[in-house]
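Q: What follows is a structure written as structure tokens; I'll ask about it next.
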Amino acid sequence: MKKIVVLGATGTVGSKIVKILLEERENQVTVMARHTDRLKQFESMGAEVITGDVNDVNTIVDAFTNADSAFLILPDNVKAENTRAYQRQVTSNYIQAIEKSGIKHIVNMSSLGSHMHEGNGIMGGTGEQEVRLNQLQNVNVVHIRSAYFMDNFLRTIGLVKSKGINGTVADGDHAIPMVATRDVAKVAAAYLSNLDFKGKSIHAVMGPRDYTYREFTTIIGKAIGNPKLPYVQISEEQARQVFLDNGFSEDFTDNLIEMGTAIQTGFMNYQKRNDSATTPTTAEDFVSEVYVPLYNIK
């Protein structure tokens, strides 16, 4: 039985990884969160739940000690006054925990576009984390470079319902790879369980094909009975004000907007698509199986 640690277990990818690993019944899974009430479901399935966060280096060290593998993710901090400094500190914490614990297999959640280290907003931090993890000696690391999450469209359900439009700051007509987080989780869980990677490597997870935001919005519209649902590119200033009104820091807001507007430059399309990068869940599958049920209850 392998001992596997999953950080970010309350997130959209991490939670699915934990569920997959626990359902296999062949793994001893440890999860960590500041507020462990959100992890009760996993505890009831047999996971070890510990209290802590990405700044609790000693707690992470304890969790990693004698573990076979661990899943890392660079969590957002919407209150960060200096987003990149925050990201660098979290990466430093991870590296310290890896070195002190002696863990040998790391599955790192990254993103398409992480080959760039500026001009891509939040992804600048994931790119830097890749580089720093690659400097570790005698530690096997696979970077999961995920495409844009289809699940992000769930965040605009309120806009669709209240205004009859779907919109973000991104260009509606630039096609990019989009992937369901359940497919990302399957790839990551397999690496964590099988330990079939050595050295430093990248695995892109890009969904079935590229979609534009407008095309995806049309698929949503047809599924909810509004086939003419429009996609509206929201101005940077409008988006900035929404984020600020929701308590996001100015710097974090700037990073989010930079990431969204930079999509049309092609940074998300840099990674070459191949069989290993292509995953099965289509936009139509995602909308019918995930989006519509949530839309109907929200």
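Each chain of the structure tokens is named A, B, ... in the order shown, its residues numbered from 1; ligands are numbered from 1 in display order.
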Going by DSSP on the backbone, which residues of region 67-269 of chain A come out as alpha helix (DSSP H)? List them as a VMD selection string.

A: chain A and resid 83 to 101 123 to 133 157 to 163 181 to 194 213 to 223 236 to 245 250 to 262

Q: Residues at most 6 Å from Met206 (chain A), counting only C-alpha atoms, excluding those fewer than 4 positions away in the same chain, as a list in words?

A: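 My reading of the contact set: Ala147, Pro177, Val179, Ala277 and Thr278 of chain A.
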
Q: Which residues are near Lys200 (chain A)? Cut-off 8 Å, only C-alpha atoms, ignore same chain within fewer than 2 positions. Put them as a PyMOL selection string.

A: chain A and resi 134+140-143+198+202

Q: Pick the closest to Asn138 (chain A) from A:Phe267, A:Ser162, A:Gly172, A:Gly199: which is it, counting only C-alpha atoms?

A: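 Comparing A:Phe267, A:Ser162, A:Gly172, A:Gly199 against Asn138 (chain A), the winner is A:Gly199.
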
Q: Choose the residue, out of A:Gly113, A:Phe71, A:Gly260, A:Asn58, that has the smallest atom-to-atom separation from Gln96 (chain A); count only C-alpha atoms.

A: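 Comparing A:Gly113, A:Phe71, A:Gly260, A:Asn58 against Gln96 (chain A), the winner is A:Asn58.
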
Q: Could you tell me how far CA of Val5 (chain A) lies from CA of Val29 (chain A), in Å and to one decimal?

A: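 Computed distance, CA of Val5 (chain A) to CA of Val29 (chain A), equals 5.8 Å.
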
Q: Quick one: everything within 10 Å of Asn152 (chain A), counting only C-alpha atoms, minus sequence neighbours fewer than 3 positions away in the same chain. Send it as an mmCIF file with all heavy atoms, in the first residue's frame.

A:
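Result went into out-v1.cif, see below:
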data_model
loop_
_atom_site.group_PDB
_atom_site.id
_atom_site.type_symbol
_atom_site.label_atom_id
_atom_site.label_comp_id
_atom_site.auth_asym_id
_atom_site.auth_seq_id
_atom_site.Cartn_x
_atom_site.Cartn_y
_atom_site.Cartn_z
ATOM 1 N N THR A 12 -10.691 22.008 -6.963
ATOM 2 C CA THR A 12 -11.432 21.315 -8.021
ATOM 3 C C THR A 12 -10.675 20.105 -8.566
ATOM 4 O O THR A 12 -11.290 19.112 -8.953
ATOM 5 C CB THR A 12 -11.742 22.281 -9.186
ATOM 6 O OG1 THR A 12 -10.522 22.896 -9.622
ATOM 7 C CG2 THR A 12 -12.720 23.351 -8.763
ATOM 8 N N TYR A 148 -6.845 25.235 -19.988
ATOM 9 C CA TYR A 148 -7.875 26.034 -19.313
ATOM 10 C C TYR A 148 -8.985 25.102 -18.839
ATOM 11 O O TYR A 148 -9.470 24.254 -19.595
ATOM 12 C CB TYR A 148 -8.432 27.069 -20.290
ATOM 13 C CG TYR A 148 -9.455 28.008 -19.706
ATOM 14 C CD1 TYR A 148 -9.057 29.157 -19.029
ATOM 15 C CD2 TYR A 148 -10.825 27.760 -19.841
ATOM 16 C CE1 TYR A 148 -9.994 30.027 -18.495
ATOM 17 C CE2 TYR A 148 -11.764 28.628 -19.310
ATOM 18 C CZ TYR A 148 -11.347 29.760 -18.636
ATOM 19 O OH TYR A 148 -12.274 30.621 -18.106
ATOM 20 N N PHE A 149 -9.369 25.237 -17.582
ATOM 21 C CA PHE A 149 -10.398 24.364 -17.016
ATOM 22 C C PHE A 149 -11.788 24.688 -17.582
ATOM 23 O O PHE A 149 -12.249 25.832 -17.498
ATOM 24 C CB PHE A 149 -10.470 24.520 -15.495
ATOM 25 C CG PHE A 149 -9.279 24.003 -14.744
ATOM 26 C CD1 PHE A 149 -9.037 24.448 -13.450
ATOM 27 C CD2 PHE A 149 -8.408 23.075 -15.297
ATOM 28 C CE1 PHE A 149 -7.948 23.980 -12.726
ATOM 29 C CE2 PHE A 149 -7.325 22.599 -14.590
ATOM 30 C CZ PHE A 149 -7.094 23.051 -13.296
ATOM 31 N N ARG A 155 -18.170 29.396 -12.862
ATOM 32 C CA ARG A 155 -18.104 30.640 -12.103
ATOM 33 C C ARG A 155 -19.007 31.730 -12.673
ATOM 34 O O ARG A 155 -19.309 32.708 -11.977
ATOM 35 C CB ARG A 155 -16.658 31.151 -12.073
ATOM 36 C CG ARG A 155 -15.671 30.205 -11.412
ATOM 37 C CD ARG A 155 -14.253 30.725 -11.531
ATOM 38 N NE ARG A 155 -13.279 29.822 -10.937
ATOM 39 C CZ ARG A 155 -11.971 30.007 -10.970
ATOM 40 N NH1 ARG A 155 -11.477 31.074 -11.585
ATOM 41 N NH2 ARG A 155 -11.153 29.136 -10.407
ATOM 42 N N THR A 156 -19.389 31.573 -13.924
ATOM 43 C CA THR A 156 -20.224 32.623 -14.536
ATOM 44 C C THR A 156 -21.685 32.211 -14.659
ATOM 45 O O THR A 156 -22.458 32.853 -15.375
ATOM 46 C CB THR A 156 -19.668 33.004 -15.926
ATOM 47 O OG1 THR A 156 -19.615 31.840 -16.768
ATOM 48 C CG2 THR A 156 -18.282 33.615 -15.809
ATOM 49 N N ILE A 157 -22.074 31.162 -13.947
ATOM 50 C CA ILE A 157 -23.487 30.765 -13.964
ATOM 51 C C ILE A 157 -24.379 31.923 -13.495
ATOM 52 O O ILE A 157 -25.447 32.181 -14.058
ATOM 53 C CB ILE A 157 -23.716 29.514 -13.089
ATOM 54 C CG1 ILE A 157 -23.171 28.278 -13.803
ATOM 55 C CG2 ILE A 157 -25.207 29.327 -12.775
ATOM 56 C CD1 ILE A 157 -23.291 26.985 -13.011
ATOM 57 N N MET A 178 -9.105 23.298 -23.879
ATOM 58 C CA MET A 178 -9.911 23.329 -22.657
ATOM 59 C C MET A 178 -10.110 21.904 -22.172
ATOM 60 O O MET A 178 -10.334 20.997 -22.974
ATOM 61 C CB MET A 178 -11.261 24.006 -22.897
ATOM 62 C CG MET A 178 -11.171 25.473 -23.258
ATOM 63 S SD MET A 178 -12.805 26.275 -23.311
ATOM 64 C CE MET A 178 -12.370 27.908 -23.907
ATOM 65 N N ALA A 180 -11.624 19.207 -18.841
ATOM 66 C CA ALA A 180 -12.408 18.979 -17.626
ATOM 67 C C ALA A 180 -11.461 18.573 -16.506
ATOM 68 O O ALA A 180 -10.551 17.759 -16.713
ATOM 69 C CB ALA A 180 -13.442 17.894 -17.850
ATOM 70 N N THR A 181 -11.667 19.128 -15.310
ATOM 71 C CA THR A 181 -10.750 18.816 -14.202
ATOM 72 C C THR A 181 -10.788 17.342 -13.823
ATOM 73 O O THR A 181 -9.801 16.823 -13.289
ATOM 74 C CB THR A 181 -11.064 19.673 -12.955
ATOM 75 O OG1 THR A 181 -12.438 19.495 -12.589
ATOM 76 C CG2 THR A 181 -10.794 21.142 -13.230
#

Q: DSSP on the backbone, then: every residue of region 37-105 of chain A marked strand (DSSP E), written as a ChimeraX atom specification.

A: /A:48-51,69-72,105

Q: Take the residues that were just selected and, keeping N, CA, C and O atoms, output them as a PDB file, in the first residue's frame.

A:
ATOM      1  N   GLU A  48      -6.346  10.077   5.963  1.00  0.00           N
ATOM      2  CA  GLU A  48      -5.827  10.748   7.144  1.00  0.00           C
ATOM      3  C   GLU A  48      -5.939  12.246   6.912  1.00  0.00           C
ATOM      4  O   GLU A  48      -5.445  12.763   5.904  1.00  0.00           O
ATOM      5  N   VAL A  49      -6.574  12.949   7.811  1.00  0.00           N
ATOM      6  CA  VAL A  49      -6.769  14.393   7.672  1.00  0.00           C
ATOM      7  C   VAL A  49      -5.923  15.113   8.705  1.00  0.00           C
ATOM      8  O   VAL A  49      -5.997  14.811   9.904  1.00  0.00           O
ATOM      9  N   ILE A  50      -5.093  16.053   8.231  1.00  0.00           N
ATOM     10  CA  ILE A  50      -4.280  16.838   9.146  1.00  0.00           C
ATOM     11  C   ILE A  50      -4.565  18.319   8.942  1.00  0.00           C
ATOM     12  O   ILE A  50      -4.946  18.752   7.858  1.00  0.00           O
ATOM     13  N   THR A  51      -4.396  19.091  10.000  1.00  0.00           N
ATOM     14  CA  THR A  51      -4.656  20.527   9.957  1.00  0.00           C
ATOM     15  C   THR A  51      -3.368  21.283   9.653  1.00  0.00           C
ATOM     16  O   THR A  51      -2.349  21.087  10.312  1.00  0.00           O
ATOM     17  N   SER A  69       4.655   9.443  -2.553  1.00  0.00           N
ATOM     18  CA  SER A  69       4.462  10.504  -3.537  1.00  0.00           C
ATOM     19  C   SER A  69       3.596  11.605  -2.941  1.00  0.00           C
ATOM     20  O   SER A  69       2.903  11.405  -1.935  1.00  0.00           O
ATOM     21  N   ALA A  70       3.650  12.767  -3.583  1.00  0.00           N
ATOM     22  CA  ALA A  70       2.838  13.897  -3.127  1.00  0.00           C
ATOM     23  C   ALA A  70       2.406  14.738  -4.309  1.00  0.00           C
ATOM     24  O   ALA A  70       3.133  14.870  -5.303  1.00  0.00           O
ATOM     25  N   PHE A  71       1.217  15.305  -4.180  1.00  0.00           N
ATOM     26  CA  PHE A  71       0.665  16.221  -5.185  1.00  0.00           C
ATOM     27  C   PHE A  71       0.784  17.637  -4.669  1.00  0.00           C
ATOM     28  O   PHE A  71       0.324  17.954  -3.566  1.00  0.00           O
ATOM     29  N   LEU A  72       1.423  18.503  -5.465  1.00  0.00           N
ATOM     30  CA  LEU A  72       1.589  19.911  -5.110  1.00  0.00           C
ATOM     31  C   LEU A  72       0.750  20.781  -6.013  1.00  0.00           C
ATOM     32  O   LEU A  72       0.621  20.525  -7.208  1.00  0.00           O
ATOM     33  N   HIS A 105       9.009  11.248  -5.070  1.00  0.00           N
ATOM     34  CA  HIS A 105       8.133  11.404  -6.237  1.00  0.00           C
ATOM     35  C   HIS A 105       7.145  12.546  -6.006  1.00  0.00           C
ATOM     36  O   HIS A 105       6.343  12.500  -5.064  1.00  0.00           O
TER      37      HIS A 105
END

Q: As a PyMOL selection string, please: the residues near Ile95 (chain A) (cut-off 12 Å, only C-alpha atoms, same-chain neighbours under 2 positions excluded).

A: chain A and resi 54-55+57+60-61+64+72+88-93+97-104+106+108+129-137+139+141

Q: Between CA of Ile220 (chain A) and CA of Ala175 (chain A), what is the spacing in Å?

A: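 Spanning CA of Ala175 (chain A) to CA of Ile220 (chain A) is a straight-line distance of 16.3 Å.
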
Q: May I ask which of the residues A:Gln87, A:Glu284, A:Ala9, A:Gln28 is the closest one to Gly52 (chain A), counting only C-alpha atoms?

A: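 Looking only at the distances to Gly52 (chain A), the closest residue turns out to be A:Ala9.
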
Q: Just the residues within 6 Å of region 242-250 of chain A, please, counting only C-alpha atoms, with nothing from its chain fewer than 2 positions along; format it as a list in words.

A: Val78, Lys79, Ala239, Arg240, Phe252 and Thr253 of chain A

Q: Quick one: residues within 12 Å of Asn166 (chain A), only C-alpha atoms, excluding same-chain residues fewer than 3 positions away - as an mmCIF file with N, CA and C atoms, in the first residue's frame?

A:
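That gives us out.cif:
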data_model
loop_
_atom_site.group_PDB
_atom_site.id
_atom_site.type_symbol
_atom_site.label_atom_id
_atom_site.label_comp_id
_atom_site.auth_asym_id
_atom_site.auth_seq_id
_atom_site.Cartn_x
_atom_site.Cartn_y
_atom_site.Cartn_z
ATOM 1 N N ASN A 152 -14.114 26.374 -15.133
ATOM 2 C CA ASN A 152 -14.146 27.817 -14.895
ATOM 3 C C ASN A 152 -15.447 28.447 -15.368
ATOM 4 N N PHE A 153 -16.108 27.802 -16.321
ATOM 5 C CA PHE A 153 -17.383 28.335 -16.797
ATOM 6 C C PHE A 153 -18.470 28.249 -15.717
ATOM 7 N N LEU A 154 -18.261 27.407 -14.713
ATOM 8 C CA LEU A 154 -19.230 27.331 -13.613
ATOM 9 C C LEU A 154 -19.274 28.640 -12.832
ATOM 10 N N ARG A 155 -18.170 29.396 -12.862
ATOM 11 C CA ARG A 155 -18.104 30.640 -12.103
ATOM 12 C C ARG A 155 -19.007 31.730 -12.673
ATOM 13 N N THR A 156 -19.389 31.573 -13.924
ATOM 14 C CA THR A 156 -20.224 32.623 -14.536
ATOM 15 C C THR A 156 -21.685 32.211 -14.659
ATOM 16 N N ILE A 157 -22.074 31.162 -13.947
ATOM 17 C CA ILE A 157 -23.487 30.765 -13.964
ATOM 18 C C ILE A 157 -24.379 31.923 -13.495
ATOM 19 N N GLY A 158 -23.940 32.630 -12.457
ATOM 20 C CA GLY A 158 -24.724 33.764 -11.961
ATOM 21 C C GLY A 158 -24.916 34.829 -13.016
ATOM 22 N N LEU A 159 -23.883 35.107 -13.800
ATOM 23 C CA LEU A 159 -23.977 36.087 -14.875
ATOM 24 C C LEU A 159 -24.939 35.627 -15.960
ATOM 25 N N VAL A 160 -24.867 34.358 -16.306
ATOM 26 C CA VAL A 160 -25.765 33.793 -17.314
ATOM 27 C C VAL A 160 -27.219 33.915 -16.852
ATOM 28 N N LYS A 161 -27.444 33.619 -15.576
ATOM 29 C CA LYS A 161 -28.814 33.665 -15.057
ATOM 30 C C LYS A 161 -29.342 35.086 -14.894
ATOM 31 N N SER A 162 -28.505 35.974 -14.407
ATOM 32 C CA SER A 162 -28.971 37.326 -14.082
ATOM 33 C C SER A 162 -28.999 38.271 -15.281
ATOM 34 N N LYS A 163 -28.022 38.113 -16.176
ATOM 35 C CA LYS A 163 -27.898 39.058 -17.297
ATOM 36 C C LYS A 163 -28.189 38.440 -18.661
ATOM 37 N N VAL A 169 -12.829 38.450 -19.494
ATOM 38 C CA VAL A 169 -11.973 39.437 -20.164
ATOM 39 C C VAL A 169 -11.291 38.843 -21.390
ATOM 40 N N ALA A 170 -11.418 37.533 -21.604
ATOM 41 C CA ALA A 170 -10.710 36.871 -22.700
ATOM 42 C C ALA A 170 -11.398 37.105 -24.038
ATOM 43 N N GLY A 172 -13.218 36.303 -27.223
ATOM 44 C CA GLY A 172 -14.186 35.244 -27.448
ATOM 45 C C GLY A 172 -13.926 34.382 -28.658
ATOM 46 N N TYR A 213 -14.167 30.727 -26.532
ATOM 47 C CA TYR A 213 -15.126 31.043 -25.467
ATOM 48 C C TYR A 213 -16.523 31.193 -26.056
ATOM 49 N N ARG A 214 -16.605 31.736 -27.250
ATOM 50 C CA ARG A 214 -17.916 31.921 -27.868
ATOM 51 C C ARG A 214 -18.545 30.579 -28.211
ATOM 52 N N GLU A 215 -17.730 29.656 -28.744
ATOM 53 C CA GLU A 215 -18.242 28.330 -29.072
ATOM 54 C C GLU A 215 -18.707 27.608 -27.814
ATOM 55 N N PHE A 216 -17.925 27.663 -26.761
ATOM 56 C CA PHE A 216 -18.300 26.998 -25.517
ATOM 57 C C PHE A 216 -19.589 27.603 -24.964
ATOM 58 N N THR A 217 -19.721 28.923 -25.075
ATOM 59 C CA THR A 217 -20.932 29.594 -24.597
ATOM 60 C C THR A 217 -22.156 29.133 -25.379
ATOM 61 N N THR A 218 -22.002 28.934 -26.682
ATOM 62 C CA THR A 218 -23.112 28.442 -27.502
ATOM 63 C C THR A 218 -23.530 27.046 -27.075
ATOM 64 N N ILE A 219 -22.547 26.205 -26.748
ATOM 65 C CA ILE A 219 -22.845 24.851 -26.266
ATOM 66 C C ILE A 219 -23.629 24.927 -24.959
ATOM 67 N N ILE A 220 -23.230 25.842 -24.072
ATOM 68 C CA ILE A 220 -23.972 26.051 -22.822
ATOM 69 C C ILE A 220 -25.390 26.504 -23.124
ATOM 70 N N GLY A 221 -25.508 27.500 -24.018
ATOM 71 C CA GLY A 221 -26.819 28.057 -24.335
ATOM 72 C C GLY A 221 -27.789 27.001 -24.841
ATOM 73 N N ASN A 226 -31.291 28.197 -24.256
ATOM 74 C CA ASN A 226 -31.076 29.552 -24.766
ATOM 75 C C ASN A 226 -29.994 29.498 -25.835
ATOM 76 N N LYS A 228 -29.199 31.152 -28.275
ATOM 77 C CA LYS A 228 -28.588 32.411 -28.715
ATOM 78 C C LYS A 228 -27.819 33.111 -27.586
ATOM 79 N N LEU A 229 -27.510 32.374 -26.522
ATOM 80 C CA LEU A 229 -26.753 32.951 -25.412
ATOM 81 C C LEU A 229 -25.468 33.598 -25.941
ATOM 82 N N PRO A 230 -25.296 34.898 -25.733
ATOM 83 C CA PRO A 230 -24.116 35.561 -26.297
ATOM 84 C C PRO A 230 -22.909 35.508 -25.357
ATOM 85 N N TYR A 231 -21.734 35.513 -25.974
ATOM 86 C CA TYR A 231 -20.510 35.701 -25.215
ATOM 87 C C TYR A 231 -20.096 37.155 -25.362
ATOM 88 N N VAL A 232 -19.818 37.808 -24.238
ATOM 89 C CA VAL A 232 -19.442 39.219 -24.234
ATOM 90 C C VAL A 232 -18.064 39.347 -23.596
ATOM 91 N N GLN A 233 -17.138 39.940 -24.314
ATOM 92 C CA GLN A 233 -15.809 40.191 -23.734
ATOM 93 C C GLN A 233 -15.907 41.397 -22.817
ATOM 94 N N ILE A 234 -15.715 41.162 -21.544
ATOM 95 C CA ILE A 234 -15.827 42.213 -20.539
ATOM 96 C C ILE A 234 -14.561 43.053 -20.550
#
